[in-house]
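Enquirer: The structure under discussion is supplied below as structure tokens; questions concerning it will follow.
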Amino acid sequence: MVGREKFDADLKYVQDLLLELSNTAIDTLNNAIDHLLDHNIEGALTVINNDIHINRLDEEINDRVILLIAKQQPVATDLRRLMVLVKTAGDMERIGDYAVNIAKETIRIGKDEHIPSIHLLDEMRVKTIHMLKQILDAFVNEDMEEAKLIAKLDDDVDEMYGKTIKVFLSTGIENPEQMGQITQLSFVCRYLERSADHATNIAEQLLFLLKGKHYELNN
């Protein structure tokens with residue numbers, strides 16, 4: 001196998017690792033909210049235990065990119081692609097971390113009855129997961145126009161976050177005995193909102209890959 005063919009084969013392997021990492025992180029975040037809504041402590045523990053797989057994929061992507069740079073000495077466009085793969089893997093790994101944090105909040109809440117407004121979290125989850133899947137599709141297809149739409153979705157999640165926190169705080173004022181759970185659910189809201197921010201980061205990385213210049217989509 002000649003040099004370019006070897007590089008392309010190694011690059012495809014890294015891209016496949018990123019796809020596995022991304023799908024796993026998105027599914028894990030989705031499952032973490034399911035377990036929260038269902039009071040599923042065993043499921044929450046599974047989310048925590050499975051995070052090691054996401055971390056290992058992220059580490060392997062980083063290691064293989066370093067080796068590719070060291071051994072293949074890629075040209076500028078290839079180097080840009082490798083850097084984008086590393087940064088995108090980092091964003092997706094962070095989403096896996098948020099899923100773990102949600103699982104920990106699920107364990108803290110335990111079997112306590114949820115406050116009535118918890119359905120707002122599920123609405124945030126649906127929008128966030130849709131956003132993550134959309135940017136992953138855009139990334140795989142290198143669809144620049146689809147990536148640009150992510151900023152609007154991020155604004156929607158931010159708006160839902162603000163609305164949900166306000167409702168939670170109002171509930172806490174009326175029911176101070178539930179303030180502990182409300183605080184924990186507010187953290188979950190924040191983890192979903194931050195996951196959407198990472199989707200925007202990935203969209204910006206895709207635009208950098210395709211256009212060779214940096215964009216800020218959430219301004």
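Identifiers for the structure tokens are assigned positionally: chains receive A, B, ... in sequence, residues are indexed from 1 per chain, and ligands are indexed from 1 in the order shown.
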Can you tell me which residues surround Thr77 of chain A at a distance of at most 10 Å, considering only C-alpha atoms, apart from same-chain residues fewer than 5 positions away, and format the answer as a PDB file with N, CA, C and O atoms, in the first residue's frame?
Expert:
```pdb
ATOM      1  N   LEU A  82      -7.554  16.321  10.513  1.00  0.00           N
ATOM      2  CA  LEU A  82      -7.179  15.566  11.702  1.00  0.00           C
ATOM      3  C   LEU A  82      -7.451  16.361  12.977  1.00  0.00           C
ATOM      4  O   LEU A  82      -7.947  15.814  13.974  1.00  0.00           O
ATOM      5  N   LEU A 209     -13.404  23.112   8.718  1.00  0.00           N
ATOM      6  CA  LEU A 209     -12.873  22.066   7.854  1.00  0.00           C
ATOM      7  C   LEU A 209     -13.153  22.361   6.385  1.00  0.00           C
ATOM      8  O   LEU A 209     -12.277  22.213   5.526  1.00  0.00           O
ATOM      9  N   LEU A 210     -14.372  22.790   6.099  1.00  0.00           N
ATOM     10  CA  LEU A 210     -14.790  22.965   4.708  1.00  0.00           C
ATOM     11  C   LEU A 210     -14.330  24.291   4.105  1.00  0.00           C
ATOM     12  O   LEU A 210     -14.069  24.362   2.902  1.00  0.00           O
ATOM     13  N   GLY A 212     -11.902  26.510   5.751  1.00  0.00           N
ATOM     14  CA  GLY A 212     -10.555  26.924   6.129  1.00  0.00           C
ATOM     15  C   GLY A 212     -10.496  28.199   6.937  1.00  0.00           C
ATOM     16  O   GLY A 212      -9.437  28.815   7.064  1.00  0.00           O
TER      17      GLY A 212
END
```
Enquirer: Compile the contact shell of Ser22 of chain A as a PyMOL selection string: residues with an atom at most 8 Å away, counting only C-alpha atoms, same-chain residues fewer than 3 positions apart removed.
Expert: chain A and resi 18-19+25-26+89+92-93+136
Enquirer: Mind pulling up the distance from atom CA of Glu159 of chain A to atom CA of Met144 of chain A?
Expert: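 About the pair atom CA of Met144 of chain A and atom CA of Glu159 of chain A: they are 24.5 Å apart.
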Enquirer: Between A:Glu193, A:Asp112, A:Glu105, A:Glu204, which residue has the minimum interatomic distance to Leu217 of chain A, considering only C-alpha atoms?
Expert: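 Result for the nearest residue to Leu217 of chain A: A:Glu204.
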Enquirer: Asp97 of chain A: which residues within 10 Å, counting only C-alpha atoms, same-chain residues fewer than 4 positions away excluded, as number ranges by chain?
Expert: A: 25, 28-29, 47-48, 51, 54-55, 91-93, 101-103, 191, 195
Enquirer: Restricting the output to N, CA, C and O atoms, write the selected residues as a compact mmCIF listing (two decimals), in the first residue's frame.
Expert:
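Just written: result_12.txt:
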```txt
# COMPACT_ATOMS: atom_id res chain seq x y z
N ALA A 25 -22.20 8.37 22.53
CA ALA A 25 -22.42 9.50 23.44
C ALA A 25 -23.86 10.01 23.36
O ALA A 25 -24.50 10.29 24.39
N THR A 28 -26.18 7.51 24.94
CA THR A 28 -25.99 7.50 26.39
C THR A 28 -26.70 8.69 27.04
O THR A 28 -27.33 8.55 28.10
N LEU A 29 -26.60 9.86 26.41
CA LEU A 29 -27.30 11.03 26.93
C LEU A 29 -28.81 10.80 26.91
O LEU A 29 -29.52 11.10 27.89
N VAL A 47 -25.08 3.68 32.89
CA VAL A 47 -24.56 4.86 32.19
C VAL A 47 -23.18 5.25 32.73
O VAL A 47 -22.24 5.51 31.97
N ILE A 48 -23.06 5.24 34.05
CA ILE A 48 -21.79 5.61 34.68
C ILE A 48 -20.70 4.60 34.32
O ILE A 48 -19.58 4.97 33.95
N ASP A 51 -19.26 4.71 30.67
CA ASP A 51 -18.52 5.91 30.24
C ASP A 51 -17.07 5.58 29.89
O ASP A 51 -16.44 6.28 29.09
N ILE A 54 -16.57 5.26 26.15
CA ILE A 54 -16.50 6.55 25.45
C ILE A 54 -15.13 7.18 25.65
O ILE A 54 -14.52 7.69 24.70
N ASN A 55 -14.62 7.12 26.86
CA ASN A 55 -13.31 7.69 27.14
C ASN A 55 -12.21 6.99 26.36
O ASN A 55 -11.27 7.63 25.84
N ASP A 91 -15.56 17.08 21.98
CA ASP A 91 -16.92 17.57 22.24
C ASP A 91 -17.86 16.41 22.55
O ASP A 91 -18.67 16.48 23.48
N MET A 92 -17.78 15.34 21.77
CA MET A 92 -18.65 14.20 21.98
C MET A 92 -18.34 13.48 23.30
O MET A 92 -19.24 13.01 24.00
N GLU A 93 -17.07 13.41 23.64
CA GLU A 93 -16.69 12.80 24.92
C GLU A 93 -17.28 13.60 26.08
O GLU A 93 -17.71 13.02 27.08
N ASN A 101 -23.13 12.74 34.58
CA ASN A 101 -23.60 13.68 35.61
C ASN A 101 -25.10 13.57 35.82
O ASN A 101 -25.59 13.64 36.96
N ILE A 102 -25.85 13.40 34.73
CA ILE A 102 -27.30 13.22 34.84
C ILE A 102 -27.61 11.93 35.59
O ILE A 102 -28.50 11.89 36.44
N ALA A 103 -26.86 10.87 35.29
CA ALA A 103 -27.06 9.59 35.99
C ALA A 103 -26.82 9.76 37.49
O ALA A 103 -27.56 9.18 38.31
N TYR A 191 -26.87 20.53 31.97
CA TYR A 191 -26.11 19.54 31.20
C TYR A 191 -26.67 19.39 29.79
O TYR A 191 -25.91 19.22 28.83
N SER A 195 -24.76 20.40 26.35
CA SER A 195 -24.64 19.43 25.25
C SER A 195 -24.99 20.08 23.92
O SER A 195 -24.33 19.84 22.90
```
